[in-house]
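**Student:** Input structure: data_1.cif, which contains mmCIF, C-alpha atoms.
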data_input
loop_
_atom_site.label_atom_id
_atom_site.label_comp_id
_atom_site.auth_asym_id
_atom_site.auth_seq_id
_atom_site.Cartn_x
_atom_site.Cartn_y
_atom_site.Cartn_z
CA MET S 14 -17.47 39.40 7.19
CA LEU S 15 -16.72 37.42 10.35
CA ASP S 16 -13.18 37.23 11.68
CA GLN S 17 -11.71 33.82 12.49
CA ASP S 18 -12.25 34.13 16.28
CA SER S 19 -15.97 34.81 15.86
CA LYS S 20 -16.21 31.83 13.47
CA ILE S 21 -14.53 29.65 16.11
CA ASP S 22 -16.91 30.95 18.80
CA THR S 23 -19.78 29.96 16.51
CA LEU S 24 -18.30 26.45 16.21
CA VAL S 25 -18.12 26.11 20.00
CA ASP S 26 -21.90 26.30 20.15
CA ASP S 27 -23.00 23.64 22.68
CA ASP S 28 -25.80 22.54 20.34
CA VAL S 29 -23.26 21.40 17.75
CA LEU S 30 -21.24 19.46 20.33
CA ASP S 31 -24.42 17.95 21.77
CA SER S 32 -25.51 16.91 18.26
CA LEU S 33 -22.16 15.22 17.71
CA ALA S 34 -22.45 13.46 21.06
CA ASP S 35 -25.91 12.21 19.98
CA LEU S 36 -24.45 10.90 16.72
CA GLU S 37 -21.71 9.19 18.71
CA GLY S 38 -24.37 7.57 20.88
CA ASN S 39 -26.00 6.06 17.80
CA LYS S 40 -23.00 3.84 17.08
CA SER S 41 -23.29 0.17 17.82
CA GLU S 42 -21.95 -1.16 21.11
CA THR S 43 -19.41 -3.22 19.16
CA ILE S 44 -17.75 -0.09 17.79
CA LYS S 45 -17.77 1.61 21.20
CA SER S 46 -16.19 -1.38 22.92
CA ALA S 47 -13.50 -1.62 20.23
CA ARG S 48 -12.07 1.78 21.18
CA ALA S 49 -8.57 1.52 22.61
CA SER S 50 -9.06 4.31 25.15
CA VAL S 51 -11.64 6.45 26.90
CA ARG S 52 -12.74 9.60 25.11
CA ILE S 53 -12.92 12.78 27.15
CA ARG S 54 -15.16 15.65 26.12
CA VAL S 55 -13.17 18.91 26.23
CA LYS S 56 -13.27 22.25 24.41
CA SER S 57 -9.83 23.56 23.46
CA LYS S 58 -8.63 25.71 20.59
CA VAL S 59 -6.39 23.83 18.18
CA ILE S 60 -4.42 24.85 15.09
CA ALA S 61 -4.14 22.39 12.19
CA GLN S 62 -1.32 22.74 9.67
CA PRO S 63 0.01 20.37 7.01
CA GLY S 64 2.26 17.66 8.46
CA ASN S 65 4.97 18.23 5.87
CA SER S 66 7.15 21.07 7.21
CA SER S 67 7.74 22.50 3.72
CA ASN S 68 3.96 23.04 3.41
CA ARG S 69 3.38 24.22 6.98
CA LEU S 70 2.81 27.87 5.98
CA LYS S 71 0.36 27.03 3.18
CA LEU S 72 -2.52 26.29 5.58
CA LYS S 73 -3.20 27.29 9.16
CA ILE S 74 -6.75 26.73 10.34
CA GLN S 75 -8.12 27.10 13.86
CA GLY S 76 -10.73 24.78 15.28
CA VAL S 77 -12.01 23.54 18.62
CA THR S 78 -11.85 20.04 20.06
CA GLY S 79 -15.03 18.15 20.83
CA ASP S 80 -13.32 15.21 22.49
CA ILE S 81 -9.89 13.64 22.85
CA SER S 82 -8.44 10.26 23.74
CA ALA S 83 -4.93 8.89 23.96
CA GLY S 84 -5.21 7.77 20.34
CA GLY S 85 -6.98 10.66 18.62
CA CYS S 86 -9.45 13.50 18.75
CA GLN S 87 -12.51 15.10 17.22
CA ILE S 88 -12.20 18.73 16.05
CA LEU S 89 -14.72 21.21 14.63
CA PHE S 90 -13.44 23.52 11.87
CA PRO S 91 -15.03 26.32 9.79
CA LEU S 92 -13.73 24.62 6.59
CA PRO S 93 -13.36 20.96 5.59
CA LEU S 94 -9.99 19.18 5.82
CA ARG S 95 -8.75 16.49 3.45
CA VAL S 96 -9.35 12.93 4.60
CA GLY S 97 -6.16 10.85 4.53
CA ASP S 98 -3.84 13.84 4.87
CA ILE S 99 -1.43 14.20 7.77
CA TYR S 100 -1.68 17.30 9.94
CA TRP S 101 0.43 18.94 12.66
CA LEU S 102 -2.01 19.72 15.49
CA THR S 103 -1.09 22.36 18.07
CA PHE S 104 -3.38 22.59 21.11
CA ASP S 105 -3.97 25.66 23.30
CA LYS S 106 -1.87 24.77 26.35
CA THR S 107 -3.97 26.95 28.65
CA GLU S 108 -6.86 24.52 28.08
CA LEU S 109 -5.17 21.25 27.09
CA LYS S 110 -1.60 20.54 28.15
CA ILE S 111 -0.53 18.39 25.20
CA ASP S 112 2.48 18.92 22.96
CA ALA S 113 1.89 19.32 19.23
CA VAL S 114 1.26 15.99 17.49
CA PHE S 115 1.13 14.48 14.02
CA ALA S 116 -2.27 13.03 13.18
CA ARG S 117 -4.03 11.60 10.14
CA CYS S 118 -7.47 12.91 9.25
CA LEU S 119 -9.72 9.83 9.17
CA ARG S 120 -13.01 11.56 8.39
CA CYS S 121 -14.47 14.97 7.72
CA ARG S 122 -18.18 15.59 7.58
CA LEU S 123 -20.50 18.55 7.28
CA VAL S 124 -22.29 19.30 10.54
CA ARG S 125 -23.89 22.52 9.32
CA GLU S 126 -23.04 25.13 6.68
CA ASP S 127 -20.25 26.72 8.76
CA ALA S 128 -19.02 23.70 10.73
CA TYR S 129 -17.14 20.55 9.73
CA GLU S 130 -16.29 17.75 12.14
CA ALA S 131 -12.97 16.02 11.56
CA GLY S 132 -11.74 12.86 13.27
CA PHE S 133 -8.00 12.39 13.76
CA LYS S 134 -5.80 9.48 14.76
CA PHE S 135 -2.52 10.36 16.45
CA PHE S 136 0.66 8.66 15.23
CA GLU S 137 1.75 8.17 18.86
CA GLN S 138 -0.34 7.72 22.00
CA VAL S 139 -0.82 10.90 24.06
CA ASP S 140 -0.64 10.89 27.86
CA LEU S 141 -3.82 12.57 29.11
CA SER S 142 -3.21 12.02 32.83
CA ASP S 143 -2.10 15.63 33.44
CA ALA S 144 -3.40 17.20 30.23
CA ILE S 145 -6.85 18.29 31.38
CA GLU S 146 -8.02 20.14 34.47
CA THR S 147 -10.31 17.96 36.60
CA ASP S 148 -13.28 20.33 36.27
CA LYS S 149 -13.06 20.06 32.47
CA ASN S 150 -13.19 16.24 32.39
CA ASP S 151 -16.39 14.73 31.08
CA ASP S 152 -16.16 11.08 30.02
CA LEU S 153 -18.46 10.38 27.11
CA PHE S 154 -18.62 6.66 27.78
CA GLY S 155 -17.68 6.45 31.47
#
Give the structure from this file in C-alpha cells form.
**Tutor:**
Amino acid sequence: MLDQDSKIDTLVDDDVLDSLADLEGNKSETIKSARASVRIRVKSKVIAQPGNSSNRLKLKIQGVTGDISAGGCQILFPLPLRVGDIYWLTFDKTELKIDAVFARCLRCRLVREDAYEAGFKFFEQVDLSDAIETDKNDDLFG
C-alpha cells in the first residue's frame, strides 16, 4: 500500500500537469479572456480541510497545485472532493508564500484512476506579487 507522500509524488507527474494544460488550451478564447487574473503554473503541496472549523479534523487531504491566480487555483488530489463545498486550503510556505485561505470547490474531475483535478475559487483575492520565487513562475497565458 502506498503512503500519502508517494501518492502525492505520483500526482506531481509532469504528464498529468501537461495534460491539464492541454485541456486548458482547448477552451475558447472567450473564456480565457474573461479570467480576472493571470494564472501561474506552480507546483506546491497544499492541504485541504473542511471550511467549517468544527469539521476541520474530519478530513485532511494533501494535494499539489497545478496553477494559481489571485482568484483561485487548480489542485490535484488522490481522492475526489465535493463540488460546492467550502475548504480551508493551507499551502506549503517553502514553495508558495500564501496564507491559508477559504475557497469553494467549483469542479472536480477524474484525470486518471489515482488523480482528481479540483478547481477552487478563493473568497478573497490573494496577492501573488511576493508569493512565488521568480524561477518557479510560468505564465500559462502570458
**Student:** Env of S:Ile60: 7 Å cut, atoms = all atoms listed in the file, seq-sep filter 3 positions within chain, self excluded. Answer as a PyMOL selection string.
**Tutor:** chain S and resi 73-76+102-104
**Student:** Between S:Ala61, S:Ala83, S:Leu94, S:Val29, single out the one closest to S:Arg122, counting only C-alpha atoms.
**Tutor:**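 Of S:Ala61, S:Ala83, S:Leu94, S:Val29, the one nearest S:Arg122 is S:Leu94, counting only C-alpha atoms.
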**Student:** Selected by the PyMOL selection byres ((chain S and resi 113) around 12) in the shown coordinates: which residues, as a compact mmCIF listing (two decimals) with C-alpha atoms, keeping the file's coordinate frame?
**Tutor:**
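Output contents, as saved in expr_10.txt:
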# COMPACT_ATOMS: atom_id res chain seq x y z
CA VAL S 59 -6.39 23.83 18.18
CA ILE S 60 -4.42 24.85 15.09
CA ALA S 61 -4.14 22.39 12.19
CA GLN S 62 -1.32 22.74 9.67
CA GLY S 64 2.26 17.66 8.46
CA TYR S 100 -1.68 17.30 9.94
CA TRP S 101 0.43 18.94 12.66
CA LEU S 102 -2.01 19.72 15.49
CA THR S 103 -1.09 22.36 18.07
CA PHE S 104 -3.38 22.59 21.11
CA ASP S 105 -3.97 25.66 23.30
CA LYS S 106 -1.87 24.77 26.35
CA LEU S 109 -5.17 21.25 27.09
CA LYS S 110 -1.60 20.54 28.15
CA ILE S 111 -0.53 18.39 25.20
CA ASP S 112 2.48 18.92 22.96
CA VAL S 114 1.26 15.99 17.49
CA PHE S 115 1.13 14.48 14.02
CA ALA S 116 -2.27 13.03 13.18
CA PHE S 135 -2.52 10.36 16.45
CA PHE S 136 0.66 8.66 15.23
CA GLU S 137 1.75 8.17 18.86
CA VAL S 139 -0.82 10.90 24.06
**Student:** Find the spatial neighbours of S:Arg117, counting all atoms listed in the file, within a cut-off of 7 Å - ignore same-chain residues fewer than 4 positions away - and output them as a list in words.
**Tutor:**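 Here the qualifying residues turn out to be Gly97, Asp98, Ile99, Tyr100, Phe133, Lys134 and Phe135 of chain S.
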**Student:** Could you check how far atom CA of S:Ala128 sits from atom CA of S:Phe90, in Å to one decimal?
**Tutor:** 5.7 Å
**Student:** Please measure the separation of atom CA of S:Ala34 and atom CA of S:Ser142, giving the value in Å to one decimal.
**Tutor:**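 Value for the atom CA of S:Ala34-atom CA of S:Ser142 distance: 22.6 Å.
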**Student:** Taking the file as shown, what set of residues would the PyMOL selection byres ((chain S and resi 132) around 8) give back, as a list in words?
**Tutor:**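 Evaluating the PyMOL selection byres ((chain S and resi 132) around 8) on these coordinates yields Gly85, Cys86, Gln87, Ile88, Cys118, Leu119, Arg120, Cys121, Glu130, Ala131, Phe133 and Lys134 of chain S.
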**Student:** Do you have the atom CA of S:Thr78-atom CA of S:Lys58 distance handy?
**Tutor:**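 So the two atoms, atom CA of S:Thr78 and atom CA of S:Lys58, lie 6.5 Å apart.
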**Student:** Draw an axis-aligned box tight on the listed atoms of stretch 118-133 of chain S, then pad every side by 5 Å and write out centre and edge lengths in Å to one decimal as lines of an AutoDock Vina configuration file.
**Tutor:**
center_x = -15.7
center_y = 18.3
center_z = 10.2
size_x = 26.4
size_y = 26.9
size_z = 17.1
